[in-house]
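Student: See structure.csv below, with CSV, C-alpha atoms and all ligand atoms.
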```csv
chain,number,residue,atom,x,y,z
A,1,MET,CA,-36.5,-79.0,32.0
A,2,HIS,CA,-39.2,-78.8,29.4
A,3,TYR,CA,-39.8,-75.1,29.2
A,4,PHE,CA,-37.6,-72.1,28.5
A,5,ILE,CA,-38.2,-68.4,29.3
A,6,LYS,CA,-36.9,-65.5,27.2
A,7,ASN,CA,-37.2,-61.8,27.8
A,8,ILE,CA,-39.3,-60.0,25.2
A,9,GLU,CA,-38.7,-56.3,24.6
A,10,THR,CA,-41.5,-53.8,25.4
A,11,PRO,CA,-41.9,-52.5,21.9
A,12,VAL,CA,-42.7,-56.0,20.7
A,13,ILE,CA,-45.4,-56.4,23.4
A,14,LYS,CA,-46.8,-53.0,22.5
A,15,SER,CA,-47.0,-54.0,18.8
A,16,PHE,CA,-48.9,-57.1,19.7
A,17,VAL,CA,-51.3,-55.2,21.8
A,18,ASP,CA,-51.8,-52.5,19.2
A,19,TYR,CA,-52.7,-55.3,16.7
A,20,TRP,CA,-55.1,-56.8,19.1
A,21,ASP,CA,-56.8,-53.4,19.7
A,22,ILE,CA,-57.3,-53.0,16.0
A,23,GLU,CA,-58.5,-56.5,15.3
A,24,LYS,CA,-60.2,-57.6,18.5
A,25,ASP,CA,-63.8,-57.3,17.1
A,26,ASN,CA,-62.9,-59.7,14.3
A,27,PHE,CA,-62.2,-62.7,16.5
A,28,ASN,CA,-63.1,-66.1,15.1
A,29,LYS,CA,-66.8,-66.5,15.8
A,30,ASN,CA,-66.7,-70.1,14.7
A,31,ALA,CA,-64.0,-71.3,17.2
A,32,LYS,CA,-65.3,-74.5,18.7
A,33,ASP,CA,-65.0,-73.4,22.3
A,34,ASN,CA,-68.4,-71.8,22.8
A,35,GLY,CA,-66.9,-68.4,22.9
A,36,MET,CA,-64.7,-69.2,25.9
A,37,MET,CA,-61.7,-67.7,24.0
A,38,HIS,CA,-61.5,-64.9,21.5
A,39,LEU,CA,-58.9,-65.7,18.9
A,40,ILE,CA,-57.3,-63.5,16.2
A,41,ASN,CA,-55.1,-65.8,14.0
A,42,TYR,CA,-52.1,-64.4,12.2
A,43,GLU,CA,-49.7,-65.6,9.5
A,44,ARG,CA,-45.9,-66.3,9.5
A,45,GLU,CA,-45.1,-62.8,8.2
A,46,PHE,CA,-46.6,-61.2,11.3
A,47,PHE,CA,-44.9,-63.8,13.6
A,48,ASP,CA,-41.6,-63.0,11.9
A,49,MET,CA,-42.1,-59.2,12.4
A,50,MET,CA,-43.0,-59.7,16.1
A,51,LEU,CA,-40.8,-62.6,17.3
A,52,GLY,CA,-38.4,-63.3,14.4
A,53,GLU,CA,-35.5,-62.1,16.4
A,54,TYR,CA,-36.3,-64.6,19.2
A,55,TYR,CA,-37.5,-67.6,17.2
A,56,ASN,CA,-36.7,-68.9,13.7
A,57,SER,CA,-39.9,-68.1,11.8
A,58,GLU,CA,-39.4,-71.1,9.5
A,59,ARG,CA,-40.6,-73.1,12.5
A,60,PHE,CA,-43.9,-71.3,12.5
A,61,ASN,CA,-47.1,-73.4,11.9
A,62,SER,CA,-49.8,-71.1,13.3
A,63,GLY,CA,-50.3,-68.4,15.8
A,64,ASN,CA,-53.0,-66.3,17.4
A,65,ILE,CA,-53.7,-63.6,19.9
A,66,PHE,CA,-56.2,-64.8,22.5
A,67,TRP,CA,-58.4,-63.1,25.0
A,68,HIS,CA,-60.3,-65.0,27.8
A,69,GLU,CA,-61.7,-64.3,31.2
A,70,HIS,CA,-62.2,-67.8,32.6
A,71,PRO,CA,-59.3,-70.2,33.2
A,72,TYR,CA,-58.7,-72.6,30.3
A,73,PHE,CA,-58.9,-76.3,31.1
A,74,PRO,CA,-55.9,-78.6,31.0
A,75,HIS,CA,-55.1,-79.5,27.4
A,76,VAL,CA,-52.5,-80.3,24.8
A,77,ASP,CA,-52.5,-78.4,21.4
A,78,LEU,CA,-51.6,-81.3,19.1
A,79,TRP,CA,-54.3,-80.8,16.5
A,80,ASP,CA,-51.5,-80.6,13.9
A,81,SER,CA,-48.7,-83.1,13.8
A,82,ASN,CA,-46.2,-80.3,13.1
A,83,ASN,CA,-47.0,-78.6,16.5
A,84,LYS,CA,-43.8,-79.6,18.4
A,85,TRP,CA,-43.4,-76.6,20.6
A,86,ASN,CA,-45.7,-74.0,22.1
A,87,VAL,CA,-44.5,-70.4,22.6
A,88,VAL,CA,-46.8,-68.4,24.8
A,89,VAL,CA,-46.3,-64.6,25.2
A,90,PRO,CA,-48.3,-62.8,27.9
A,91,LEU,CA,-49.5,-59.5,26.6
A,92,VAL,CA,-52.0,-58.1,29.1
A,93,CYS,CA,-52.8,-59.0,32.7
A,94,GLN,CA,-53.9,-56.9,35.6
A,95,ASP,CA,-53.5,-59.8,38.1
A,96,ASP,CA,-50.1,-60.2,39.7
A,97,ASP,CA,-51.0,-63.7,40.9
A,98,GLN,CA,-51.9,-65.1,37.4
A,99,LYS,CA,-50.1,-68.3,36.4
A,100,LEU,CA,-49.6,-70.6,33.5
A,101,ILE,CA,-49.5,-74.1,34.8
A,102,ILE,CA,-47.3,-76.6,32.9
A,103,PHE,CA,-47.6,-80.1,34.2
A,104,ASP,CA,-44.8,-82.7,34.1
A,105,GLN,CA,-47.3,-85.1,32.4
A,106,THR,CA,-47.5,-85.7,28.7
A,107,TYR,CA,-50.1,-86.8,26.2
A,108,HIS,CA,-49.6,-87.4,22.5
A,109,GLU,CA,-53.0,-86.4,21.0
A,110,ALA,CA,-55.0,-83.2,21.0
A,111,ALA,CA,-57.2,-83.2,24.1
A,112,THR,CA,-58.9,-81.0,26.7
A,113,TRP,CA,-59.8,-82.5,30.0
A,114,VAL,CA,-63.1,-81.4,31.4
A,115,GLY,CA,-63.6,-84.4,33.7
A,116,ASP,CA,-67.1,-84.1,35.2
A,117,ILE,CA,-67.0,-80.3,35.2
A,118,THR,CA,-70.3,-79.2,33.9
A,119,LYS,CA,-70.0,-75.4,34.5
A,120,ARG,CA,-69.0,-74.8,30.9
A,121,SER,CA,-69.1,-77.3,28.0
A,122,PHE,CA,-66.1,-77.2,25.8
A,123,HIS,CA,-65.4,-78.5,22.3
A,124,GLY,CA,-62.0,-77.2,21.2
A,125,ASN,CA,-59.2,-79.8,21.3
A,126,PRO,CA,-61.5,-82.9,21.8
A,127,ALA,CA,-63.0,-83.0,25.3
A,128,ILE,CA,-62.1,-86.0,27.5
A,129,TYR,CA,-64.7,-86.6,30.2
A,130,LYS,CA,-62.3,-88.2,32.6
A,131,ARG,CA,-59.7,-87.1,35.0
A,132,ILE,CA,-56.2,-86.9,33.4
A,133,CYS,CA,-55.0,-89.7,35.7
A,134,ASP,CA,-57.8,-92.0,34.4
A,135,THR,CA,-56.9,-91.4,30.8
A,136,PRO,CA,-54.9,-94.1,29.0
A,137,GLY,CA,-51.8,-92.7,27.3
A,138,VAL,CA,-51.0,-90.0,29.8
A,139,GLU,CA,-47.4,-90.4,30.8
A,140,GLY,CA,-45.5,-89.4,34.0
A,141,LEU,CA,-48.4,-89.6,36.4
A,142,THR,CA,-47.3,-89.5,40.1
A,143,GLY,CA,-50.0,-91.7,41.6
A,144,LYS,CA,-50.2,-89.0,44.4
A,145,PRO,CA,-52.3,-86.0,45.1
A,146,CYS,CA,-51.4,-82.9,43.1
A,147,PRO,CA,-49.1,-80.8,45.4
A,148,ASP,CA,-50.4,-77.7,47.2
A,149,HIS,CA,-48.1,-75.3,45.4
A,150,LEU,CA,-50.1,-76.1,42.2
A,151,LEU,CA,-53.5,-76.6,43.8
A,152,GLU,CA,-53.5,-73.1,45.2
A,153,HIS,CA,-53.6,-71.8,41.7
A,154,LEU,CA,-55.9,-74.3,40.1
A,155,PRO,CA,-59.7,-73.6,39.8
A,156,TYR,CA,-61.3,-77.0,40.3
A,157,SER,CA,-61.3,-79.7,43.0
A,158,PRO,CA,-58.0,-81.4,44.0
A,159,ASP,CA,-59.4,-84.7,42.9
A,160,PHE,CA,-59.6,-83.5,39.3
A,161,TYR,CA,-55.8,-82.9,39.3
A,162,HIS,CA,-54.8,-86.2,41.1
A,163,GLY,CA,-51.5,-87.6,39.8
A,164,LEU,CA,-50.2,-84.4,38.4
A,165,SER,CA,-47.1,-82.4,39.2
A,166,GLY,CA,-45.5,-79.4,37.5
A,167,THR,CA,-44.7,-75.8,37.6
A,168,ALA,CA,-46.7,-72.6,38.1
A,169,ILE,CA,-45.1,-70.0,35.9
A,170,ASP,CA,-45.8,-66.3,36.5
A,171,TRP,CA,-48.0,-64.8,33.7
A,172,GLU,CA,-45.6,-61.9,33.4
A,173,VAL,CA,-45.7,-59.4,30.6
A,174,GLY,CA,-42.2,-59.1,29.1
A,175,ILE,CA,-41.4,-62.8,28.8
A,176,SER,CA,-42.1,-65.7,26.5
A,177,ILE,CA,-42.6,-69.3,27.6
A,178,GLU,CA,-41.6,-72.1,25.2
A,179,PHE,CA,-42.5,-75.6,26.1
A,180,LYS,CA,-42.8,-79.0,24.3
A,181,ALA,CA,-46.3,-79.4,22.8
A,182,GLU,CA,-47.0,-82.7,24.5
A,183,TYR,CA,-47.0,-81.3,28.0
A,184,ILE,CA,-50.4,-80.8,29.5
A,185,HIS,CA,-51.0,-77.2,30.5
A,186,CYS,CA,-53.8,-74.8,31.7
A,187,SER,CA,-54.4,-71.4,33.1
A,188,GLY,CA,-54.4,-70.8,36.8
A,189,LYS,CA,-57.4,-69.2,38.6
A,190,MET,CA,-58.3,-65.9,37.0
A,191,ASN,CA,-59.6,-62.7,38.6
A,192,THR,CA,-59.4,-60.5,35.5
A,193,PRO,CA,-59.4,-61.2,31.7
A,194,LYS,CA,-56.0,-61.7,30.1
A,195,ILE,CA,-54.6,-61.5,26.6
A,196,GLY,CA,-51.7,-63.4,25.2
A,197,SER,CA,-50.1,-64.7,22.1
A,198,ALA,CA,-49.9,-68.5,21.4
A,199,ASN,CA,-47.6,-69.9,18.7
A,200,PHE,CA,-47.3,-73.4,17.5
A,201,LEU,CA,-43.8,-74.2,16.2
A,202,ASN,CA,-42.1,-77.1,14.5
A,203,ASP,CA,-38.7,-78.4,15.9
B,301,FE,FE,-52.5,-74.4,25.0
```
Turn the structure described in the file into structure tokens.
Ligand SMILES: [Fe+2]
Tutor:
Amino acid sequence: MHYFIKNIETPVIKSFVDYWDIEKDNFNKNAKDNGMMHLINYEREFFDMMLGEYYNSERFNSGNIFWHEHPYFPHVDLWDSNNKWNVVVPLVCQDDDQKLIIFDQTYHEAATWVGDITKRSFHGNPAIYKRICDTPGVEGLTGKPCPDHLLEHLPYSPDFYHGLSGTAIDWEVGISIEFKAEYIHCSGKMNTPKIGSANFLND
């Protein structure tokens, strides 16, 4: 098991959303993702106030509230060597079928796999123009097609996800999802915009 779910109390979620509502127009306009994601970064003090009773805030490296309306590509957030764990907190979603997909496969550098998808160019974690299964350094590949229970939630062609396995976790407001930073992850298909909090923690 490489992920852990905790229940997060409603007042905490509400405080996050209130902060977003105040700050949302101040999102980072220089984020290197062509505006795919709106990010409001916050400091350890804010993390401690929000999630300090759930996670030791001394582990905090960085965190943000994010908004997006298109599914985020498979990636690993290892731009900082202290990012050992990700904690994702769903804050807003109107779609009961929304998922966070955590694959069983790992990679040990920052990366975003765009394959030959040209719909939207992307320059966040460095883009890799190959399939994940064709990328040297990816560990845990199955050598088999990605199973249907994941493909039904994934936005691109089955071929793009060849060799992957994993878990589709409900994007449920009221939980947090903690997983090891080297695990490749992405959003499932999206019908409505969503808002969440992403936190990058040390061990
Ligand atoms: Fe991520």
Student: Could you please determine the separation between atom CA of Ile22 of chain A and atom CA of Met50 of chain A in Å, to one decimal place?
Tutor: 15.8 Å
Student: Identify which of the residues A:Ile128, A:Val76, A:Asp97, A:Met190 lies closest to ligand FE 301 (chain B), counting all atoms listed in the file when measuring atom-to-atom distances.
Tutor: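 Smallest separation from ligand FE 301 (chain B) among the options: A:Val76.
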Student: Give me, as JSON, numbers by chain, all polymer residues having an atom no more than 12 Å from segment 149-151 of chain A, counting all atoms listed in the file and skipping those fewer than 3 positions away in the same chain.
Tutor: {"A": [99, 100, 101, 102, 103, 104, 145, 146, 154, 155, 156, 157, 158, 159, 160, 161, 162, 163, 164, 165, 166, 167, 168, 169, 185, 186, 187, 188, 189]}
Student: Pick the closest to Asp170 of chain A from A:Val17, A:Glu182, A:Gln98, A:Met37: which is it, counting only C-alpha atoms?
Tutor: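 Closest to Asp170 of chain A of all the choices is A:Gln98.
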Student: Using only C-alpha atoms and all ligand atoms, which of A:Ser57, A:Asn26, A:Asn7, A:Ser197 sits nearest ligand FE 301 (chain B)?
Tutor: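 Closest to ligand FE 301 (chain B) of all the choices is A:Ser197.
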Student: A:Glu152, A:Glu43, A:Asp77, A:Asp96: which is nearest ligand FE 301 (chain B), counting only C-alpha atoms and all ligand atoms?
Tutor: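 That would be A:Asp77, the residue with the smallest distance to ligand FE 301 (chain B).
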Student: Nearest to Leu39 of chain A: which of A:Phe200, A:Ile195, A:Gly174, A:Glu9 is it, counting all atoms listed in the file?
Tutor: A:Ile195
Student: Can you pull out every residue within 12 Å of Val173 of chain A, counting only C-alpha atoms, but drop anything in the same chain fewer than 6 positions away, and send it as a list of chain:residue names?
Tutor: A:Ile5, A:Lys6, A:Asn7, A:Ile8, A:Glu9, A:Thr10, A:Pro11, A:Val12, A:Ile13, A:Lys14, A:Phe16, A:Val17, A:Val88, A:Val89, A:Pro90, A:Leu91, A:Val92, A:Cys93, A:Gln94, A:Asp95, A:Asp96, A:Gln98, A:Lys99, A:Lys194, A:Ile195, A:Gly196, A:Ser197
